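A.B. asks: Have a look at this one before I ask anything.
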Amino acid sequence: MKNMTLRRIAQACGGILHAKKGEEDREISSLVTDSRQAKEGSLFAAIKGERVDGHRFIPAVFEQGAVCVLSEQELGEDTAGSWIKVNSTLQALKDIAEYYLGQLAIPVVGITGSVGKTSTKEVIAAVLSQKYRTLKTQGNFNNELGLPLTVFRLREEDEIAVLEMGISDFGEMHRLAKIARPDTCVITNIGQCHLENLHDRDGILRAKTEIFDFLKPEGHIILNGNDDKLAGVKAVNGVEPLFFGTEPSAAGVRLSVRADQTESLGLEGTRCRIHTAAGDFTVKIPVPGRHMVHNALAAAAVGLVYGLTPDQIREGIESLQPVSGRFHIIDTDRYKIIDDCYNANPVSMKASLEVLQEAAGRRVAILGDMGELGEKEADLHRQVGTFAGSCAIQRLVTVGPLSLYLEEGAKETNPALETTHYDSLEELLENLDREVSAGDTVLVKASHFMNFPKIVERLQEL
């Protein structure tokens with residue numbers, strides 16, 4: 001890892017280095033928080049979690065070849081390897097990640113928003129990979145621990161980083177932006193999530209736009225021009241936003257990248273024509289849902305900023321592969337499953353129901369509670385239920401106390417809709433075979449804490 005010697009790491013995080021003789025200027029090979037990943041030359045960061053204290057594994061990581069550990073505890077001079085004493089391992093990781101990313105001096109694309117961060121990150125990375133060696137955030141490594149761990153995966157040969165940045169409260173994005181210092185900031189939309197802390201969409205806008213706090217004057221801002229809140233964003237540090245979207249735009253903003261001639265291909269994806277200053281092209285987006293058009297437009301805008309041709313952008317979009325839990329279509333001998341159970345909020349729940357309508361066979365929605373919606377959570381669940389009742393689906397299965405409101409909203413809108421409600425996931429799993437039939441297309445979606453991947457697993461076993 002470039003310039004990552006023990007001496008410089010200690011300086012970067014304000015820690016006290018206790019180095020074995022001759023190791024002060026030894027460069028580490030990797031930085032890990034999982035003791036199982038420690039190997040020759042690694043630095044292991046011991047984190048004290050709710051269930052497991054990483055300090056317990058310090059002797060083991062030295063046996064595995066780790067050269068150094070970050071520790072909040074005094075270890076003593078007889079410790080098997082070098083160690084750096086810090087007050088907070090988590091803060092140290094953030095400081096070290098900021099330092100390391102600065103050493104690499106590669107462009108960073110930071111992505112945030114209420115809905116579609118991960119899908120947008122995937123399609124942006126797919127586009128940029130047509131020209132650059134690109135590293136992207138894996139899984140849900142988008143918070144104050146996950147972002148540093150993503151940064152530590154970067155190597156000198158990487159040419160650009162695509163970093164997803166997720167928050168749930170004020171100040172978090174500021175801290176993430178301090179680490180990433182994105183050259184290009186992308187915001188997908190301002191929806192209704194994390195209302196428990198952020199209160200309303202104006203609060204969400206304020207929190208998300210903290211991503212601009214460390215934007216360079218030569219940077220770029222790329223925003224959804226169909227979002228009424230984002231349409232009002234003005235220049236930051238002299239950087240004028242570039243807007244993407246479909247006509248008409250919100251508040252009449254000029255769209256630098258826009259799409260029309262949108263055609264649904266059902267679960268096969270969506271076709272549209274994208275218009276840019278560099279040229280126009282028709283593209284097939286291979287992930288279902290009309291909302292994916294906006295994600296592709298964001299990627300096209302980023303591609304143009306970094307010098308890709310329209311053909312390269314089209315090829316990148318068409319190479320997109322679905323991510324597990326994100327509109328991942330699974331075909332079994334009995335069912336077609338739409339695995340969209342990574343997370344949920346009212347906007348994404350409605351988008352998923354729209355996709356389900358385009359499926360063949362009997363259409364079944366298995367929906368669960370959505371979290372962090374604040375004092376309006378019951379009403380927001382009922383609104384999603386009202387929308388579900390208006391959709392062309394044949395069966396609705398709801399799970400969890402809040403989803404009872406969802407079922408009620410659906411029945412009020414469509415009394416003929418077949419519905420079943422379960423208080424718990426375990427109760428549903430015991431009765432799942434009664435809720436689905438051969439030939440069904442089954443949407444599975446809820447917030448992450450509902451643990452709905454178990455439903456996807458069980459459906460594949462039935």
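Numbering starts fresh at 1 for the residues of each chain in the structure tokens, the chains themselves are lettered A, B, ... in the order given, and ligands are numbered from 1 as they appear.
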Could you name the residues that touch Phe212 in chain A at 9 Å or less, counting only C-alpha atoms, but leaving out those on the same chain fewer than 4 positions away, as number ranges by chain?
C.D. replies: A: 174, 177, 181-182, 185, 208, 216, 221, 236-237
A.B. asks: I need the residues of range 67-100 of chain A that end up classed as helix (DSSP H, G or I) by DSSP on the backbone, written out as a ChimeraX atom specification.
C.D. replies: /A:89-100
A.B. asks: Save out the residues we just selected, all heavy atoms, as a compact mmCIF listing (two decimals), in the first residue's frame.
C.D. replies:
# COMPACT_ATOMS: atom_id res chain seq x y z
N THR A 89 -10.26 3.31 17.64
CA THR A 89 -9.84 2.60 16.44
C THR A 89 -10.66 3.06 15.24
O THR A 89 -10.12 3.21 14.14
CB THR A 89 -10.02 1.08 16.63
OG1 THR A 89 -9.33 0.68 17.81
CG2 THR A 89 -9.45 0.33 15.44
N LEU A 90 -11.96 3.28 15.43
CA LEU A 90 -12.81 3.71 14.31
C LEU A 90 -12.35 5.05 13.77
O LEU A 90 -12.24 5.24 12.56
CB LEU A 90 -14.27 3.78 14.74
CG LEU A 90 -15.26 4.25 13.67
CD1 LEU A 90 -15.20 3.36 12.44
CD2 LEU A 90 -16.68 4.30 14.23
N GLN A 91 -12.09 6.00 14.66
CA GLN A 91 -11.62 7.31 14.20
C GLN A 91 -10.26 7.19 13.52
O GLN A 91 -9.99 7.86 12.52
CB GLN A 91 -11.54 8.30 15.37
CG GLN A 91 -11.14 9.71 14.95
CD GLN A 91 -12.09 10.32 13.95
OE1 GLN A 91 -13.30 10.32 14.14
NE2 GLN A 91 -11.56 10.82 12.84
N ALA A 92 -9.41 6.34 14.07
CA ALA A 92 -8.10 6.12 13.46
C ALA A 92 -8.23 5.59 12.03
O ALA A 92 -7.52 6.03 11.13
CB ALA A 92 -7.27 5.16 14.31
N LEU A 93 -9.16 4.66 11.83
CA LEU A 93 -9.37 4.12 10.49
C LEU A 93 -9.80 5.22 9.52
O LEU A 93 -9.36 5.25 8.36
CB LEU A 93 -10.43 3.02 10.53
CG LEU A 93 -10.00 1.69 11.13
CD1 LEU A 93 -11.19 0.74 11.25
CD2 LEU A 93 -8.91 1.04 10.28
N LYS A 94 -10.67 6.12 9.97
CA LYS A 94 -11.11 7.21 9.10
C LYS A 94 -9.95 8.14 8.76
O LYS A 94 -9.79 8.56 7.61
CB LYS A 94 -12.27 7.97 9.77
CG LYS A 94 -13.55 7.16 9.85
CD LYS A 94 -14.73 7.97 10.35
CE LYS A 94 -14.72 8.13 11.84
NZ LYS A 94 -15.97 8.75 12.35
N ASP A 95 -9.13 8.45 9.75
CA ASP A 95 -7.98 9.33 9.52
C ASP A 95 -6.97 8.68 8.57
O ASP A 95 -6.42 9.34 7.68
CB ASP A 95 -7.30 9.67 10.84
CG ASP A 95 -8.18 10.51 11.75
OD1 ASP A 95 -9.11 11.18 11.23
OD2 ASP A 95 -7.96 10.48 12.98
N ILE A 96 -6.74 7.39 8.77
CA ILE A 96 -5.78 6.68 7.91
C ILE A 96 -6.31 6.57 6.48
O ILE A 96 -5.55 6.73 5.51
CB ILE A 96 -5.48 5.28 8.49
CG1 ILE A 96 -4.81 5.40 9.86
CG2 ILE A 96 -4.59 4.47 7.55
CD1 ILE A 96 -4.79 4.10 10.65
N ALA A 97 -7.59 6.32 6.34
CA ALA A 97 -8.19 6.22 5.00
C ALA A 97 -8.07 7.55 4.26
O ALA A 97 -7.77 7.58 3.06
CB ALA A 97 -9.65 5.80 5.11
N GLU A 98 -8.32 8.65 4.97
CA GLU A 98 -8.18 9.98 4.35
C GLU A 98 -6.74 10.19 3.88
O GLU A 98 -6.50 10.67 2.76
CB GLU A 98 -8.58 11.05 5.36
CG GLU A 98 -8.47 12.46 4.81
CD GLU A 98 -8.80 13.52 5.85
OE1 GLU A 98 -9.33 13.17 6.93
OE2 GLU A 98 -8.50 14.71 5.59
N TYR A 99 -5.78 9.82 4.70
CA TYR A 99 -4.38 9.96 4.34
C TYR A 99 -4.03 9.08 3.14
O TYR A 99 -3.41 9.54 2.17
CB TYR A 99 -3.50 9.58 5.53
CG TYR A 99 -2.03 9.43 5.18
CD1 TYR A 99 -1.22 10.55 5.03
CD2 TYR A 99 -1.48 8.17 4.98
CE1 TYR A 99 0.13 10.41 4.69
CE2 TYR A 99 -0.14 8.03 4.65
CZ TYR A 99 0.66 9.15 4.49
OH TYR A 99 1.98 9.01 4.15
N TYR A 100 -4.45 7.83 3.17
CA TYR A 100 -4.10 6.88 2.11
C TYR A 100 -4.68 7.32 0.76
O TYR A 100 -3.99 7.29 -0.26
CB TYR A 100 -4.60 5.49 2.48
CG TYR A 100 -4.30 4.43 1.44
CD1 TYR A 100 -3.00 4.23 0.98
CD2 TYR A 100 -5.31 3.61 0.94
CE1 TYR A 100 -2.72 3.25 0.04
CE2 TYR A 100 -5.03 2.63 0.00
CZ TYR A 100 -3.74 2.46 -0.44
OH TYR A 100 -3.46 1.49 -1.39
A.B. asks: Could you give me, as a ChimeraX atom specification, the residues within 10 Å of range 295-309 of chain A, counting only C-alpha atoms and dropping anything in the same chain fewer than 5 positions from it?
C.D. replies: /A:107,109,111,116-132,160,184-188,219-224,242-246,256-259,272,274-279,283-285,290,314-318,320
A.B. asks: Just checking: using only C-alpha atoms, which residue out of A:Ala66, A:Leu443, A:Asp202, A:Ser35 ends up closest to Gly54 in chain A?
C.D. replies: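 Using only C-alpha atoms, Gly54 in chain A sits closest to A:Ser35.
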A.B. asks: Give me, as JSON, numbers by chain, all polymer residues having an atom no more than 9 Å from Phe44 in chain A, counting only C-alpha atoms and skipping those fewer than 2 positions away in the same chain.
C.D. replies: {"A": [30, 31, 32, 33, 34, 35, 37, 38, 42, 46, 58, 61, 62, 66, 67, 68, 69, 70, 71]}
A.B. asks: What lies within 9 Å of Ala392 in chain A using only C-alpha atoms, ignoring chain neighbours under 4 positions off, as a ChimeraX atom specification?
C.D. replies: /A:353-354,356-358,363,388
A.B. asks: Write out as a VMD selection string each polymer residue whose atoms come within 10 Å of Ala19 in chain A, counting only C-alpha atoms; drop sequence neighbours fewer than 3 positions from it.
C.D. replies: chain A and resid 6 to 7 16 22 to 26 67 to 68 77 81 to 84
A.B. asks: Tell me which protein, DNA and RNA residues are within 12 Å of Asn431 in chain A, counting only C-alpha atoms, leaving out same-chain ones fewer than 4 positions away, and put them as a compact mmCIF listing (two decimals) with all heavy atoms, in the first residue's frame.
C.D. replies:
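Result saved to selection.txt:
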# COMPACT_ATOMS: atom_id res chain seq x y z
N VAL A 397 -48.70 -10.55 0.35
CA VAL A 397 -48.36 -11.15 1.64
C VAL A 397 -47.53 -10.12 2.40
O VAL A 397 -46.52 -9.62 1.89
CB VAL A 397 -47.56 -12.46 1.47
CG1 VAL A 397 -47.20 -13.04 2.83
CG2 VAL A 397 -48.34 -13.45 0.63
N THR A 420 -52.62 -11.81 2.86
CA THR A 420 -52.38 -12.52 4.11
C THR A 420 -51.36 -11.71 4.90
O THR A 420 -50.39 -11.21 4.32
CB THR A 420 -51.82 -13.94 3.88
OG1 THR A 420 -52.62 -14.64 2.95
CG2 THR A 420 -51.75 -14.71 5.19
N HIS A 421 -51.56 -11.61 6.19
CA HIS A 421 -50.59 -10.90 7.03
C HIS A 421 -50.01 -11.85 8.07
O HIS A 421 -50.74 -12.64 8.69
CB HIS A 421 -51.24 -9.71 7.75
CG HIS A 421 -50.28 -9.00 8.66
ND1 HIS A 421 -49.31 -8.15 8.18
CD2 HIS A 421 -50.12 -9.05 10.01
CE1 HIS A 421 -48.61 -7.69 9.20
NE2 HIS A 421 -49.08 -8.22 10.32
N TYR A 422 -48.69 -11.74 8.26
CA TYR A 422 -48.00 -12.53 9.29
C TYR A 422 -47.30 -11.56 10.24
O TYR A 422 -46.70 -10.57 9.82
CB TYR A 422 -46.97 -13.46 8.65
CG TYR A 422 -47.59 -14.56 7.82
CD1 TYR A 422 -47.73 -14.41 6.44
CD2 TYR A 422 -48.04 -15.73 8.40
CE1 TYR A 422 -48.30 -15.42 5.67
CE2 TYR A 422 -48.61 -16.75 7.65
CZ TYR A 422 -48.74 -16.58 6.28
OH TYR A 422 -49.31 -17.57 5.53
N SER A 424 -44.69 -12.27 12.05
CA SER A 424 -43.24 -12.48 12.10
C SER A 424 -42.76 -13.22 10.86
O SER A 424 -43.53 -13.92 10.18
CB SER A 424 -42.85 -13.27 13.34
OG SER A 424 -43.33 -14.60 13.24
N LEU A 425 -41.47 -13.10 10.59
CA LEU A 425 -40.84 -13.82 9.48
C LEU A 425 -40.93 -15.32 9.70
O LEU A 425 -41.20 -16.08 8.76
CB LEU A 425 -39.38 -13.39 9.35
CG LEU A 425 -38.52 -14.15 8.34
CD1 LEU A 425 -39.06 -13.94 6.92
CD2 LEU A 425 -37.06 -13.69 8.43
N GLU A 426 -40.73 -15.76 10.92
CA GLU A 426 -40.76 -17.19 11.22
C GLU A 426 -42.12 -17.79 10.89
O GLU A 426 -42.22 -18.90 10.34
CB GLU A 426 -40.42 -17.43 12.69
CG GLU A 426 -38.98 -17.12 13.07
CD GLU A 426 -38.66 -15.64 13.05
OE1 GLU A 426 -39.60 -14.82 13.21
OE2 GLU A 426 -37.47 -15.30 12.85
N GLU A 427 -43.18 -17.04 11.19
CA GLU A 427 -44.53 -17.52 10.90
C GLU A 427 -44.74 -17.66 9.40
O GLU A 427 -45.33 -18.63 8.94
CB GLU A 427 -45.55 -16.55 11.50
CG GLU A 427 -46.99 -17.04 11.40
CD GLU A 427 -47.98 -16.04 11.97
OE1 GLU A 427 -47.55 -14.97 12.47
OE2 GLU A 427 -49.20 -16.32 11.92
N GLU A 435 -48.47 -19.97 0.28
CA GLU A 435 -48.66 -18.63 -0.29
C GLU A 435 -48.25 -18.53 -1.75
O GLU A 435 -48.60 -17.56 -2.43
CB GLU A 435 -47.85 -17.60 0.53
CG GLU A 435 -48.24 -17.51 1.99
CD GLU A 435 -49.66 -16.99 2.19
OE1 GLU A 435 -50.26 -16.48 1.22
OE2 GLU A 435 -50.18 -17.09 3.31
N VAL A 436 -47.47 -19.47 -2.23
CA VAL A 436 -46.97 -19.41 -3.60
C VAL A 436 -47.33 -20.69 -4.34
O VAL A 436 -47.51 -21.76 -3.73
CB VAL A 436 -45.44 -19.18 -3.63
CG1 VAL A 436 -45.10 -17.79 -3.12
CG2 VAL A 436 -44.70 -20.23 -2.80
N ILE A 455 -36.35 -15.60 3.03
CA ILE A 455 -37.49 -15.97 2.18
C ILE A 455 -37.00 -16.39 0.81
O ILE A 455 -37.47 -17.39 0.24
CB ILE A 455 -38.47 -14.78 2.06
CG1 ILE A 455 -39.01 -14.39 3.43
CG2 ILE A 455 -39.61 -15.13 1.11
CD1 ILE A 455 -39.89 -13.15 3.42
N ARG A 458 -35.58 -19.84 1.06
CA ARG A 458 -36.61 -20.86 1.21
C ARG A 458 -37.36 -21.10 -0.11
O ARG A 458 -37.67 -22.24 -0.46
CB ARG A 458 -37.58 -20.46 2.30
CG ARG A 458 -38.69 -21.49 2.58
CD ARG A 458 -38.13 -22.78 3.18
NE ARG A 458 -37.43 -22.56 4.39
CZ ARG A 458 -38.00 -22.48 5.60
NH1 ARG A 458 -39.31 -22.60 5.72
NH2 ARG A 458 -37.28 -22.28 6.68
N LEU A 459 -37.62 -20.03 -0.84
CA LEU A 459 -38.30 -20.17 -2.14
C LEU A 459 -37.49 -21.02 -3.10
O LEU A 459 -38.04 -21.80 -3.89
CB LEU A 459 -38.56 -18.80 -2.76
CG LEU A 459 -39.71 -17.98 -2.16
CD1 LEU A 459 -39.69 -16.56 -2.70
CD2 LEU A 459 -41.06 -18.65 -2.45
N LEU A 462 -38.08 -24.76 -2.12
CA LEU A 462 -39.40 -25.37 -2.23
C LEU A 462 -39.57 -26.14 -3.55
O LEU A 462 -39.03 -25.73 -4.58
CB LEU A 462 -40.49 -24.30 -2.12
CG LEU A 462 -40.67 -23.65 -0.73
CD1 LEU A 462 -41.70 -22.55 -0.79
CD2 LEU A 462 -41.09 -24.71 0.28
A.B. asks: So how far away is CA of Ile9 in chain A from CA of Ser29 in chain A, in Å?
C.D. replies: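 A separation of 12.7 Å between them.
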A.B. asks: What gap, in Å, lies between CA of Ala60 in chain A and CA of Gly41 in chain A?
C.D. replies: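 According to the coordinates, CA of Ala60 in chain A and CA of Gly41 in chain A are separated by 13.9 Å.
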A.B. asks: Rounded to one decimal, what separation in Å do you get between CA of Ala365 in chain A and CA of Asp331 in chain A?
C.D. replies: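 CA of Asp331 in chain A lies 16.1 Å from CA of Ala365 in chain A.
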A.B. asks: Could you pull out the strand (DSSP E) residues of range 42-263 of chain A from DSSP and send them as an NGL selection string?
C.D. replies: :A and (42-45 or 68-71 or 82-85 or 108-112 or 134-136 or 160-164 or 184-187 or 220-224 or 242-246 or 257-263)
A.B. asks: Which residue gives the smallest distance to Glu156 in chain A among A:Lys376, A:Arg8, A:Arg56, A:Lys2, with only C-alpha atoms counted?
C.D. replies: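 Ranked by minimum distance to Glu156 in chain A, first place goes to A:Lys2.
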A.B. asks: Taking only C-alpha atoms into account, which of A:Ala231, A:Ala438, A:Leu267, A:Ile211 comes nearest Asp333 in chain A?
C.D. replies: A:Ala438
